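The data block below is run.cif; it holds mmCIF, C-alpha atoms.
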```
data_input
loop_
_atom_site.label_atom_id
_atom_site.label_comp_id
_atom_site.auth_asym_id
_atom_site.auth_seq_id
_atom_site.Cartn_x
_atom_site.Cartn_y
_atom_site.Cartn_z
CA MET A 1 -23.56 3.96 -10.53
CA LEU A 2 -21.24 1.05 -10.02
CA TYR A 3 -23.05 -0.93 -12.64
CA THR A 4 -22.05 1.66 -15.22
CA GLN A 5 -18.41 1.30 -14.30
CA TRP A 6 -18.66 -2.44 -14.48
CA GLN A 7 -20.23 -2.14 -17.93
CA ARG A 8 -17.41 0.05 -19.04
CA VAL A 9 -14.76 -2.48 -18.14
CA THR A 10 -16.47 -5.67 -19.20
CA LEU A 11 -18.87 -4.83 -21.99
CA ARG A 12 -16.45 -3.05 -24.25
CA PRO A 13 -14.70 -6.27 -25.36
CA VAL A 14 -18.10 -7.74 -26.10
CA ARG A 15 -19.13 -4.72 -28.12
CA ASP A 16 -15.88 -4.91 -30.05
CA ALA A 17 -16.39 -8.63 -30.58
CA LEU A 18 -19.87 -8.03 -32.00
CA ALA A 19 -18.31 -6.37 -34.99
CA ARG A 20 -16.16 -9.40 -35.68
CA ILE A 21 -18.15 -12.53 -34.95
CA ASP A 22 -21.60 -13.90 -35.64
CA VAL A 23 -22.07 -16.20 -32.68
CA ILE A 24 -22.49 -14.25 -29.49
CA ASP A 25 -22.32 -15.85 -26.09
CA LEU A 26 -24.03 -13.25 -23.93
CA SER A 27 -23.37 -15.24 -20.76
CA PHE A 28 -19.83 -13.93 -21.12
CA THR A 29 -21.02 -10.56 -19.87
CA HIS A 30 -22.25 -12.08 -16.63
CA GLN A 31 -19.50 -14.48 -15.83
CA THR A 32 -16.36 -12.49 -15.96
CA MET A 33 -15.28 -9.30 -14.35
CA LYS A 34 -12.17 -7.21 -14.21
CA LEU A 35 -11.04 -6.38 -10.68
CA PHE A 36 -13.07 -3.40 -9.52
CA GLN A 37 -11.91 -1.42 -6.51
CA GLN A 38 -13.53 1.53 -4.77
CA SER A 39 -11.96 3.15 -1.76
CA LEU A 40 -14.43 4.02 1.01
CA SER A 41 -12.50 7.15 1.96
CA THR A 42 -15.46 9.50 2.25
CA GLY A 43 -19.05 9.45 3.51
CA TRP A 44 -18.20 8.36 7.06
CA GLU A 45 -19.62 9.80 10.26
CA PHE A 46 -18.64 9.02 13.84
CA LYS A 47 -19.73 9.46 17.43
CA ASP A 48 -18.86 8.72 21.00
CA ARG A 49 -20.45 5.28 21.50
CA ASP A 50 -22.04 6.29 24.79
CA ASP A 51 -23.34 9.67 23.65
CA ASN A 52 -27.12 9.30 23.59
CA THR A 53 -27.97 12.93 22.88
CA PRO A 54 -30.34 13.54 19.91
CA ASN A 55 -27.73 14.21 17.21
CA PRO A 56 -24.31 12.93 18.27
CA TRP A 57 -22.97 12.15 14.76
CA MET A 58 -20.06 14.16 13.38
CA SER A 59 -18.64 14.02 9.88
CA VAL A 60 -15.28 12.41 9.10
CA PRO A 61 -13.24 14.45 6.58
CA SER A 62 -11.51 11.39 5.11
CA VAL A 63 -10.44 7.85 5.93
CA PRO A 64 -7.80 6.61 6.80
CA SER A 65 -7.93 8.58 10.03
CA VAL A 66 -7.84 8.19 13.77
CA VAL A 67 -10.42 9.65 16.10
CA GLN A 68 -8.18 12.48 17.36
CA GLN A 69 -7.87 13.83 13.80
CA ASP A 70 -11.64 13.66 13.32
CA LEU A 71 -12.28 15.38 16.65
CA ILE A 72 -9.82 18.16 15.72
CA ALA A 73 -11.64 18.59 12.39
CA ASN A 74 -14.92 18.96 14.32
CA LYS A 75 -13.32 21.41 16.79
CA LYS A 76 -13.90 19.02 19.67
CA CYS A 77 -10.20 18.79 20.40
CA ASP A 78 -7.24 21.16 20.05
CA THR A 79 -4.53 20.47 17.50
CA ILE A 80 -2.00 18.08 18.98
CA GLN A 81 1.67 18.62 18.20
CA THR A 82 3.02 15.12 18.17
CA LEU A 83 6.56 14.39 17.25
CA ASN A 84 6.68 17.47 15.09
CA VAL A 85 10.39 17.60 14.39
CA ASP A 86 10.37 21.24 13.26
CA LYS A 87 8.85 22.18 16.61
CA LEU A 88 11.34 20.00 18.47
CA ILE A 89 14.19 21.78 16.73
CA ASP A 90 12.64 25.17 17.66
CA PHE A 91 12.25 23.93 21.23
CA ALA A 92 15.87 22.81 21.42
CA GLN A 93 17.05 26.15 20.02
CA THR A 94 14.93 28.04 22.53
CA ARG A 95 16.45 26.02 25.37
CA ARG A 96 19.94 26.61 24.03
CA SER A 97 19.37 30.35 23.76
CA LEU A 98 17.98 30.37 27.33
CA ARG A 99 21.25 28.81 28.48
CA GLY A 100 23.23 31.31 26.41
CA VAL A 101 24.58 28.63 24.08
CA GLN A 102 24.80 29.17 20.32
CA MET B 103 5.69 23.18 21.44
CA GLY B 104 2.42 22.71 23.29
CA PHE B 105 0.94 20.19 25.65
CA ASN B 106 -2.48 19.83 24.10
CA GLU B 107 -2.17 16.07 24.39
CA LEU B 108 -2.91 16.53 28.10
CA LYS B 109 -6.20 18.20 27.15
CA ALA B 110 -6.95 15.32 24.78
CA ARG B 111 -6.60 12.54 27.36
CA TRP B 112 -10.37 12.21 27.73
CA VAL B 113 -10.36 10.78 24.18
CA ASN B 114 -8.23 7.84 25.38
CA GLU B 115 -10.98 6.67 27.72
CA LYS B 116 -13.81 6.54 25.20
CA ALA B 117 -15.29 4.07 22.73
CA TRP B 118 -16.22 5.25 19.23
CA ILE B 119 -18.58 4.28 16.43
CA TYR B 120 -17.94 4.96 12.74
CA ARG B 121 -20.54 4.31 10.07
CA ARG B 122 -21.43 4.87 6.43
CA ARG B 123 -23.61 3.29 3.79
CA LEU B 124 -21.98 0.94 1.32
CA PRO B 125 -22.11 1.99 -2.32
CA LYS B 126 -24.66 0.02 -4.31
CA LEU B 127 -22.98 -3.07 -5.66
CA ASP B 128 -24.44 -5.16 -8.49
CA VAL B 129 -22.43 -8.35 -8.30
CA PRO B 130 -22.49 -10.26 -11.60
CA THR B 131 -22.84 -14.05 -11.54
CA GLY B 132 -19.41 -15.60 -11.31
CA ALA B 133 -17.99 -12.62 -9.45
CA ALA B 134 -17.45 -11.96 -5.76
CA ALA B 135 -17.72 -8.82 -3.65
CA ALA B 136 -15.31 -8.21 -0.80
CA LEU B 137 -14.98 -5.63 1.93
CA VAL B 138 -11.28 -5.07 2.54
CA PHE B 139 -9.74 -3.45 5.61
CA ASP B 140 -5.99 -2.84 5.50
CA GLY B 141 -5.96 -2.06 9.23
CA LEU B 142 -8.34 -1.25 12.10
CA ASP B 143 -7.12 0.34 15.34
CA THR B 144 -7.74 -1.88 17.41
CA PHE B 145 -10.71 -3.54 19.20
CA ALA B 146 -13.10 -3.31 16.28
CA THR B 147 -16.49 -4.90 15.84
CA VAL B 148 -17.71 -4.56 12.26
CA ARG B 149 -21.42 -4.84 11.52
CA LEU B 150 -23.18 -4.95 8.18
CA ASP B 151 -26.90 -4.20 8.53
CA GLY B 152 -26.55 -4.93 12.24
CA GLN B 153 -24.94 -8.36 11.76
CA VAL B 154 -21.44 -8.80 13.17
CA ILE B 155 -19.14 -9.74 10.26
CA LEU B 156 -15.77 -9.19 11.93
CA GLU B 157 -14.26 -8.88 15.37
CA SER B 158 -10.68 -7.69 15.15
CA THR B 159 -8.26 -7.22 18.06
CA ASN B 160 -4.98 -6.61 16.21
CA MET B 161 -4.16 -3.25 14.66
CA PHE B 162 -1.50 -4.76 12.40
CA LEU B 163 -3.68 -7.24 10.54
CA GLY B 164 -5.73 -6.61 7.42
CA HIS B 165 -9.05 -8.34 6.79
CA ARG B 166 -10.86 -9.43 3.65
CA LEU B 167 -14.55 -10.21 4.10
CA ASP B 168 -16.70 -11.89 1.48
CA ILE B 169 -19.90 -9.83 1.32
CA THR B 170 -21.26 -11.30 -1.93
CA GLU B 171 -24.34 -12.91 -0.39
CA ALA B 172 -24.96 -10.01 1.99
CA VAL B 173 -25.10 -7.42 -0.79
CA LYS B 174 -27.04 -9.70 -3.16
CA SER B 175 -29.83 -10.05 -0.62
CA GLY B 176 -31.67 -6.78 -0.54
CA ALA B 177 -29.79 -5.52 -3.57
CA GLU B 178 -32.32 -2.72 -3.98
CA ARG B 179 -31.22 -0.96 -0.79
CA GLN B 180 -27.98 0.46 0.50
CA HIS B 181 -26.33 -1.51 3.26
CA MET B 182 -25.18 0.10 6.49
CA LEU B 183 -21.60 -0.53 7.54
CA GLU B 184 -20.79 0.24 11.17
CA ILE B 185 -17.56 -0.17 13.11
CA GLU B 186 -17.41 0.04 16.88
CA PHE B 187 -13.98 0.75 18.37
CA ASP B 188 -13.82 -0.28 21.99
CA CYS B 189 -11.57 1.57 24.45
CA ALA B 190 -8.10 0.01 24.11
CA GLN B 191 -6.85 1.54 27.35
CA LEU B 192 -9.58 -0.18 29.38
CA LYS B 193 -9.48 -3.42 27.33
CA ALA B 194 -5.74 -3.69 27.98
CA ARG B 195 -6.22 -3.39 31.75
CA ASP B 196 -9.00 -5.92 31.59
CA LEU B 197 -6.80 -8.41 29.69
CA ARG B 198 -3.94 -7.87 32.12
CA SER B 199 -6.18 -8.53 35.13
CA LYS B 200 -7.07 -11.91 33.66
CA ASP B 201 -3.48 -13.15 33.71
CA LEU B 202 -2.02 -12.53 37.14
CA GLN B 203 0.63 -15.25 36.74
CA HIS B 204 2.36 -13.38 33.94
CA LYS B 205 5.09 -10.91 34.87
CA TRP B 206 4.10 -7.66 33.17
CA GLU B 207 7.50 -6.02 32.95
CA GLY B 208 8.91 -3.32 30.73
CA PHE B 209 9.47 0.40 30.61
CA ASN B 210 7.46 3.36 29.24
CA GLY B 211 3.74 3.57 29.90
CA ASP B 212 1.19 1.25 31.44
CA MET B 213 2.41 -2.37 31.22
CA ALA B 214 -1.14 -3.48 30.40
CA ARG B 215 -0.15 -2.44 26.87
CA LEU B 216 1.77 -5.71 26.54
CA ALA B 217 -1.55 -7.55 26.32
CA VAL B 218 -2.61 -5.75 23.14
CA ARG B 219 -1.49 -5.98 19.52
CA LYS B 220 -1.49 -2.23 19.09
CA ALA B 221 1.42 0.19 18.62
CA GLN B 222 2.96 0.24 22.08
CA TYR B 223 3.97 3.90 21.96
CA HIS B 224 0.24 4.78 22.05
CA TRP B 225 0.60 4.25 25.82
CA GLY B 226 3.36 6.88 25.81
CA TRP B 227 7.08 6.60 25.11
CA ASP B 228 10.15 8.58 26.09
CA TRP B 229 9.82 10.51 22.81
CA GLY B 230 6.04 10.68 22.57
CA PRO B 231 2.81 11.49 24.41
CA VAL B 232 0.04 9.12 25.51
CA LEU B 233 -2.38 9.09 22.56
CA MET B 234 -4.69 6.10 22.44
CA THR B 235 -5.75 6.33 18.84
CA ALA B 236 -8.77 4.50 17.46
CA GLY B 237 -10.15 4.36 13.96
CA ILE B 238 -9.90 3.12 10.40
CA TRP B 239 -6.18 3.86 10.31
CA ARG B 240 -5.51 2.25 6.93
CA GLU B 241 -7.51 2.08 3.71
CA VAL B 242 -10.92 0.42 3.52
CA ARG B 243 -12.42 -0.48 0.15
CA VAL B 244 -14.89 -2.66 -1.67
CA GLU B 245 -13.78 -4.96 -4.45
CA MET B 246 -15.61 -7.01 -7.08
CA TYR B 247 -13.78 -9.51 -9.22
CA SER B 248 -13.81 -12.86 -10.98
CA ALA B 249 -10.11 -13.35 -10.46
CA ARG B 250 -7.37 -11.36 -8.79
CA ILE B 251 -3.68 -11.54 -7.96
CA THR B 252 -3.32 -11.68 -4.19
CA ASP B 253 0.46 -11.58 -4.05
CA LEU B 254 3.46 -11.22 -6.33
CA TRP B 255 6.81 -12.17 -4.88
CA PRO B 256 10.06 -11.91 -6.85
CA GLN B 257 12.98 -13.96 -5.55
CA THR B 258 16.51 -13.64 -6.90
CA GLN B 259 19.47 -15.98 -6.89
CA LEU B 260 22.73 -14.37 -7.95
CA ALA B 261 25.52 -16.66 -9.13
CA ALA B 262 28.76 -16.65 -7.11
CA ASP B 263 30.59 -14.97 -10.02
CA TYR B 264 27.82 -12.29 -10.33
CA ARG B 265 27.51 -12.99 -14.06
CA THR B 266 24.08 -14.58 -14.08
CA ALA B 267 20.99 -14.42 -11.92
CA THR B 268 17.83 -16.46 -11.67
CA VAL B 269 14.64 -14.53 -10.99
CA THR B 270 11.67 -16.50 -9.76
CA ALA B 271 8.33 -14.70 -9.68
CA VAL B 272 5.61 -16.32 -7.61
CA ALA B 273 2.03 -15.08 -8.01
CA ASP B 274 -0.82 -16.16 -5.76
CA ILE B 275 -4.16 -16.06 -7.54
CA ASP B 276 -7.71 -16.06 -6.20
CA THR B 277 -10.33 -17.13 -8.72
CA VAL B 278 -14.05 -17.06 -8.05
CA ASP B 279 -15.15 -19.17 -11.01
CA SER B 280 -13.50 -22.38 -12.15
CA ARG B 281 -12.54 -21.06 -15.59
CA ALA B 282 -9.01 -21.30 -16.87
CA TYR B 283 -6.91 -18.16 -16.58
CA THR B 284 -3.52 -17.36 -18.03
CA ALA B 285 -0.89 -15.55 -16.00
CA SER B 286 1.45 -13.49 -18.19
CA PHE B 287 4.72 -12.65 -16.48
CA ARG B 288 7.09 -9.96 -17.80
CA LEU B 289 10.55 -9.06 -16.64
CA THR B 290 11.71 -5.55 -17.57
CA LEU B 291 14.61 -3.21 -16.93
CA ARG B 292 14.03 0.54 -17.42
CA GLY B 293 10.87 -0.30 -19.36
CA GLN B 294 12.64 -2.67 -21.78
CA GLU B 295 11.31 -6.22 -21.83
CA ILE B 296 13.94 -8.84 -21.05
CA ASP B 297 11.69 -11.88 -21.16
CA ARG B 298 8.08 -12.96 -20.80
CA GLN B 299 6.22 -16.16 -19.98
CA ASP B 300 2.56 -17.10 -20.29
CA ILE B 301 1.44 -19.78 -17.86
CA LEU B 302 -1.96 -21.48 -17.97
CA LEU B 303 -3.32 -21.62 -14.45
CA ASP B 304 -5.27 -24.83 -14.73
CA GLY B 305 -7.17 -24.30 -11.48
CA SER B 306 -4.04 -23.74 -9.44
CA SER B 307 -3.90 -20.88 -6.96
CA THR B 308 -0.17 -20.30 -7.44
CA SER B 309 1.77 -19.58 -10.59
CA THR B 310 5.55 -19.43 -10.88
CA ALA B 311 7.74 -18.06 -13.68
CA THR B 312 11.51 -18.42 -13.76
CA PHE B 313 13.76 -16.07 -15.73
CA GLN B 314 17.49 -16.20 -16.42
CA VAL B 315 19.28 -12.86 -16.47
CA THR B 316 22.76 -12.71 -17.97
CA LYS B 317 25.15 -9.95 -16.87
CA PRO B 318 22.67 -8.57 -14.33
CA GLU B 319 23.03 -4.93 -13.34
CA LEU B 320 23.55 -5.19 -9.62
CA TRP B 321 21.85 -3.14 -6.93
CA TRP B 322 24.25 -1.38 -4.54
CA PRO B 323 23.70 0.37 -1.21
CA ASN B 324 23.71 4.16 -1.18
CA GLY B 325 27.23 5.42 -1.91
CA TYR B 326 28.53 2.10 -3.30
CA GLY B 327 27.05 2.19 -6.80
CA ALA B 328 23.77 2.40 -8.68
CA GLN B 329 20.45 1.29 -7.21
CA THR B 330 19.33 -0.52 -10.36
CA LEU B 331 15.82 -1.92 -10.09
CA TYR B 332 14.27 -4.55 -12.31
CA GLU B 333 10.50 -4.92 -12.53
CA VAL B 334 8.44 -8.06 -12.70
CA SER B 335 4.76 -7.84 -13.60
CA VAL B 336 1.99 -10.36 -13.94
CA SER B 337 -1.35 -9.93 -15.64
CA LEU B 338 -4.27 -12.28 -15.43
CA ALA B 339 -6.33 -12.93 -18.55
CA ARG B 340 -8.97 -15.34 -19.73
CA ASP B 341 -9.61 -16.37 -23.34
CA GLY B 342 -6.39 -14.61 -24.19
CA ASN B 343 -7.91 -11.16 -24.55
CA GLU B 344 -9.46 -9.85 -21.39
CA MET B 345 -7.18 -8.62 -18.67
CA HIS B 346 -8.63 -9.09 -15.20
CA HIS B 347 -5.92 -7.83 -12.93
CA GLN B 348 -2.34 -6.72 -13.17
CA ALA B 349 0.34 -6.40 -10.50
CA SER B 350 4.00 -5.43 -10.58
CA LYS B 351 6.96 -5.19 -8.26
CA GLU B 352 10.38 -3.60 -8.44
CA PHE B 353 13.37 -5.40 -7.03
CA GLY B 354 17.16 -5.28 -7.01
CA ILE B 355 19.53 -8.10 -7.87
CA ARG B 356 22.21 -8.43 -5.22
CA SER B 357 23.66 -10.87 -2.74
CA ALA B 358 23.48 -10.06 0.98
CA GLU B 359 25.27 -11.68 3.89
CA VAL B 360 25.54 -11.04 7.60
CA VAL B 361 29.15 -11.75 8.49
CA GLN B 362 29.59 -13.19 11.96
CA GLU B 363 33.12 -14.47 12.46
CA ALA B 364 35.37 -14.78 15.47
CA ASP B 365 37.70 -11.79 15.77
CA LYS B 366 39.87 -10.19 18.45
CA HIS B 367 36.81 -8.50 20.00
CA GLY B 368 34.67 -11.63 20.06
CA LYS B 369 32.38 -11.97 17.06
CA SER B 370 31.90 -9.69 14.09
CA PHE B 371 28.55 -8.37 12.89
CA TYR B 372 28.53 -6.57 9.58
CA PHE B 373 26.99 -6.79 6.13
CA ARG B 374 28.48 -7.83 2.83
CA ILE B 375 26.60 -6.83 -0.34
CA ASN B 376 27.74 -8.28 -3.68
CA GLY B 377 30.95 -9.37 -1.97
CA VAL B 378 31.76 -5.88 -0.65
CA ASP B 379 31.81 -5.13 3.09
CA ILE B 380 29.45 -2.24 3.86
CA PHE B 381 29.85 0.43 6.53
CA CYS B 382 26.63 0.20 8.58
CA GLY B 383 25.98 3.95 8.79
CA GLY B 384 22.37 4.78 9.50
CA SER B 385 19.74 5.70 12.01
CA CYS B 386 16.84 4.44 14.04
CA TRP B 387 13.35 5.18 12.77
CA ILE B 388 10.54 6.09 15.14
CA PRO B 389 6.98 6.93 14.04
CA ALA B 390 7.02 10.26 12.23
CA ASP B 391 3.74 11.37 13.86
CA GLY B 392 1.71 10.28 16.88
CA LEU B 393 -1.33 10.24 14.60
CA LEU B 394 -0.02 7.96 11.87
CA PRO B 395 -2.52 8.75 9.08
CA ASN B 396 -1.13 12.32 9.15
CA ILE B 397 1.93 11.00 7.34
CA SER B 398 1.50 10.69 3.59
CA ALA B 399 3.63 8.45 1.40
CA GLU B 400 5.24 11.63 0.06
CA ARG B 401 6.32 12.74 3.53
CA TYR B 402 7.79 9.30 4.27
CA TRP B 403 9.67 9.50 1.00
CA LYS B 404 11.08 12.93 1.87
CA TRP B 405 12.44 11.54 5.13
CA VAL B 406 14.11 8.68 3.28
CA GLN B 407 15.57 11.14 0.76
CA LEU B 408 17.03 13.16 3.64
CA MET B 409 18.69 10.05 5.02
CA ALA B 410 20.12 9.15 1.63
CA GLU B 411 21.45 12.68 1.09
CA GLY B 412 23.07 12.43 4.51
CA GLY B 413 25.03 9.41 3.31
CA GLN B 414 23.09 6.87 5.37
CA LYS B 415 22.97 3.26 4.26
CA MET B 416 20.63 1.68 6.75
CA VAL B 417 17.55 2.27 8.86
CA ARG B 418 16.77 0.34 11.98
CA TYR B 419 13.03 0.13 12.12
CA VAL B 420 11.94 -0.42 15.70
CA SER B 421 9.23 -3.04 15.63
CA ARG B 422 7.74 -2.67 19.06
CA ARG B 423 4.77 -4.82 18.34
CA LEU B 424 6.90 -7.92 18.61
CA GLY B 425 9.15 -6.48 21.28
CA VAL B 426 12.21 -7.00 19.12
CA PHE B 427 14.40 -4.53 17.29
CA VAL B 428 15.60 -6.51 14.34
CA VAL B 429 14.46 -5.25 10.98
CA ILE B 430 17.28 -3.60 9.09
CA LEU B 431 16.62 -2.06 5.71
CA THR B 432 19.23 -0.99 3.27
CA LEU B 433 18.48 2.41 1.78
CA ASN B 434 17.46 2.71 -1.78
CA ALA B 435 18.38 6.24 -2.81
#
```
Go ahead and express the file in the form of structure tokens.
Amino acid sequence: MLYTQWQRVTLRPVRDALARIDVIDLSFTHQTMKLFQQSLSTGWEFKDRDDNTPNPWMSVPSVPSVVQQDLIANKKCDTIQTLNVDKLIDFAQTRRSLRGVQ
Amino acid sequence: MGFNELKARWVNEKAWIYRRRLPKLDVPTGAAAALVFDGLDTFATVRLDGQVILESTNMFLGHRLDITEAVKSGAERQHMLEIEFDCAQLKARDLRSKDLQHKWEGFNGDMARLAVRKAQYHWGWDWGPVLMTAGIWREVRVEMYSARITDLWPQTQLAADYRTATVTAVADIDTVDSRAYTASFRLTLRGQEIDRQDILLDGSSTSTATFQVTKPELWWPNGYGAQTLYEVSVSLARDGNEMHHQASKEFGIRSAEVVQEADKHGKSFYFRINGVDIFCGGSCWIPADGLLPNISAERYWKWVQLMAEGGQKMVRYVSRRLGVFVVILTLNA
């Protein structure tokens, strides 16, 4: 899979060069490589380290993440409202209205 | 407004394991394979096929691990990557108990937090709940390359009369093979090339290009003028035709001074940009979410846009990891 991508980025200049020159240094294809990057954002699973039950692994929707997000996604934890400014504003307005302040 | 964080406190006391298989990597001769972590939160032990390849104890550091030999051996199979995150709450208390001479003083949360290079508000702050996060909190990726640009750093020197500027672009380069590479630097403004320089690397790991800019368009703080940005880019090629890696950075040309002079109140503290004294109107930034990966770059940008539309010029970013509150950014609307 990755090999194909590598071929795409490095072999094309060689293929183009074949049309132009007679002497071909094939070692070129093995000794140079454009920067290849692949994010490992998917395919992760996680578990409580000390959970020794038969199937403790849960899937991780995407990385980057922290464990609370992954637990929420697996319904092992309720959604946590953290520093949600919209909610804070609602909260402040509720308190104001309780005190009879506009 | 709920208090579900109280129901989530059990999470703070646990250790977690994350794992996945690495994609199959066929590393060509003359190339290297690297496993790159931009950030792990926090006490992380990384294993590849059961072998420990990294032990990290600082959430704020990235790591680059050479896995060329590891993936070449047993190239026919997929390698298992596993990361164990130990319990930071317990590790902090353990570290604190080992240094009884130290005075563990501060406010907000358990002072054992001072022993750990992890966001201190995870132990609770006046504006936030106790949420001891753990996980791969920044990007992780695999890379393969023969040569790459590891850093590009533009520096500017504006003349006292503001009529000329010198732009120095420094690129750090990591090459796997000993072949000669050429670094091609370009300086552009609004996509128009101002100048370019090709520099033969000659085995050096640093390459520097210097450009002269006449009548530079200056960058001004929000409300004082345009936020003109120049761009410097560098691309790495070998044999003049094959581009290996390219990097670019935007930057403004301006002078900046902190003015501290004796006055009737004692000593002044204000900023002077391009010779003009700036009103330091702004705000203090706190984390926009207790679970940081919830915040996308787009959401950050929207916050900054709100500040700019509100006429702000500065943000004080509270860097609690060092215990100092010093970083001041000037808004770029």
May I have a table of the residues of chain B lying at most 7 Å from chain A, giving each one's closest pair of atoms and their distance in Å to one decimal, counting only C-alpha atoms, ordered by chain and ascending residue number, as JSON lines?
```
{"residue": "B:Met103", "atom": "CA", "partner": "A:Lys87", "partner_atom": "CA", "distance": 5.9}
{"residue": "B:Gly104", "atom": "CA", "partner": "A:Gln81", "partner_atom": "CA", "distance": 6.6}
{"residue": "B:Asn106", "atom": "CA", "partner": "A:Ile80", "partner_atom": "CA", "distance": 5.4}
{"residue": "B:Glu107", "atom": "CA", "partner": "A:Ile80", "partner_atom": "CA", "distance": 5.8}
{"residue": "B:Ala110", "atom": "CA", "partner": "A:Cys77", "partner_atom": "CA", "distance": 6.5}
{"residue": "B:Lys116", "atom": "CA", "partner": "A:Asp48", "partner_atom": "CA", "distance": 6.9}
{"residue": "B:Ala117", "atom": "CA", "partner": "A:Arg49", "partner_atom": "CA", "distance": 5.4}
{"residue": "B:Trp118", "atom": "CA", "partner": "A:Asp48", "partner_atom": "CA", "distance": 4.7}
{"residue": "B:Ile119", "atom": "CA", "partner": "A:Lys47", "partner_atom": "CA", "distance": 5.4}
{"residue": "B:Tyr120", "atom": "CA", "partner": "A:Phe46", "partner_atom": "CA", "distance": 4.3}
{"residue": "B:Arg121", "atom": "CA", "partner": "A:Trp44", "partner_atom": "CA", "distance": 5.6}
{"residue": "B:Arg122", "atom": "CA", "partner": "A:Trp44", "partner_atom": "CA", "distance": 4.8}
{"residue": "B:Lys126", "atom": "CA", "partner": "A:Leu2", "partner_atom": "CA", "distance": 6.7}
{"residue": "B:Leu127", "atom": "CA", "partner": "A:Leu2", "partner_atom": "CA", "distance": 6.2}
{"residue": "B:Asp128", "atom": "CA", "partner": "A:Tyr3", "partner_atom": "CA", "distance": 6.1}
{"residue": "B:Pro130", "atom": "CA", "partner": "A:His30", "partner_atom": "CA", "distance": 5.4}
{"residue": "B:Thr131", "atom": "CA", "partner": "A:Gln31", "partner_atom": "CA", "distance": 5.5}
{"residue": "B:Gly132", "atom": "CA", "partner": "A:Gln31", "partner_atom": "CA", "distance": 4.7}
{"residue": "B:Ala133", "atom": "CA", "partner": "A:Met33", "partner_atom": "CA", "distance": 6.5}
{"residue": "B:Gly230", "atom": "CA", "partner": "A:Leu83", "partner_atom": "CA", "distance": 6.5}
{"residue": "B:Thr235", "atom": "CA", "partner": "A:Val66", "partner_atom": "CA", "distance": 5.8}
{"residue": "B:Ala236", "atom": "CA", "partner": "A:Val66", "partner_atom": "CA", "distance": 5.3}
{"residue": "B:Gly237", "atom": "CA", "partner": "A:Val66", "partner_atom": "CA", "distance": 4.5}
{"residue": "B:Ile238", "atom": "CA", "partner": "A:Pro64", "partner_atom": "CA", "distance": 5.4}
{"residue": "B:Trp239", "atom": "CA", "partner": "A:Pro64", "partner_atom": "CA", "distance": 4.7}
{"residue": "B:Arg240", "atom": "CA", "partner": "A:Pro64", "partner_atom": "CA", "distance": 4.9}
{"residue": "B:Glu241", "atom": "CA", "partner": "A:Pro64", "partner_atom": "CA", "distance": 5.5}
{"residue": "B:Val242", "atom": "CA", "partner": "A:Leu40", "partner_atom": "CA", "distance": 5.6}
{"residue": "B:Arg243", "atom": "CA", "partner": "A:Ser39", "partner_atom": "CA", "distance": 4.1}
{"residue": "B:Val244", "atom": "CA", "partner": "A:Gln38", "partner_atom": "CA", "distance": 5.4}
{"residue": "B:Glu245", "atom": "CA", "partner": "A:Gln37", "partner_atom": "CA", "distance": 4.5}
{"residue": "B:Met246", "atom": "CA", "partner": "A:Phe36", "partner_atom": "CA", "distance": 5.0}
{"residue": "B:Tyr247", "atom": "CA", "partner": "A:Leu35", "partner_atom": "CA", "distance": 4.4}
{"residue": "B:Ser248", "atom": "CA", "partner": "A:Met33", "partner_atom": "CA", "distance": 5.1}
{"residue": "B:Arg250", "atom": "CA", "partner": "A:Leu35", "partner_atom": "CA", "distance": 6.5}
{"residue": "B:Met345", "atom": "CA", "partner": "A:Lys34", "partner_atom": "CA", "distance": 6.8}
{"residue": "B:His346", "atom": "CA", "partner": "A:Lys34", "partner_atom": "CA", "distance": 4.1}
{"residue": "B:His347", "atom": "CA", "partner": "A:Leu35", "partner_atom": "CA", "distance": 5.8}
{"residue": "B:Ala390", "atom": "CA", "partner": "A:Leu83", "partner_atom": "CA", "distance": 6.5}
{"residue": "B:Asp391", "atom": "CA", "partner": "A:Leu83", "partner_atom": "CA", "distance": 5.3}
{"residue": "B:Gly392", "atom": "CA", "partner": "A:Thr82", "partner_atom": "CA", "distance": 5.2}
{"residue": "B:Leu393", "atom": "CA", "partner": "A:Val66", "partner_atom": "CA", "distance": 6.9}
{"residue": "B:Pro395", "atom": "CA", "partner": "A:Ser65", "partner_atom": "CA", "distance": 5.5}
```
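Atom to atom, atom CA of B:Tyr283 and atom CA of B:Ala249 stand 8.4 Å apart.
Candidate residues B:Asn376, B:Ser286, B:Thr266, B:Thr310 were compared for distance to B:Pro323, and the nearest is B:Asn376, using only C-alpha atoms.
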Distance in Å - atom CA of B:Gly141 versus atom CA of B:Ala285
29.1 Å
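Distances here use all atoms listed in the file; by that measure, the residue among B:Thr284, B:Ser337, B:Gln203, B:Gln414 closest to B:Cys386 is B:Gln414.
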Can you pull out the residues contacting stretch 167-171 of chain B? Cut-off 7 Å, using all atoms listed in the file, and skip same-chain residues under 4 positions away; I want them as a PDB file with C-alpha atoms, in the frame of the given file.
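So out-v1.pdb came out as:
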```pdb
ATOM      1  CA  ALA B 134     -17.450 -11.960  -5.760  1.00  0.00           C
ATOM      2  CA  ALA B 135     -17.720  -8.820  -3.650  1.00  0.00           C
ATOM      3  CA  ALA B 136     -15.310  -8.210  -0.800  1.00  0.00           C
ATOM      4  CA  LEU B 137     -14.980  -5.630   1.930  1.00  0.00           C
ATOM      5  CA  VAL B 138     -11.280  -5.070   2.540  1.00  0.00           C
ATOM      6  CA  SER B 175     -29.830 -10.050  -0.620  1.00  0.00           C
TER       7      SER B 175
END
```
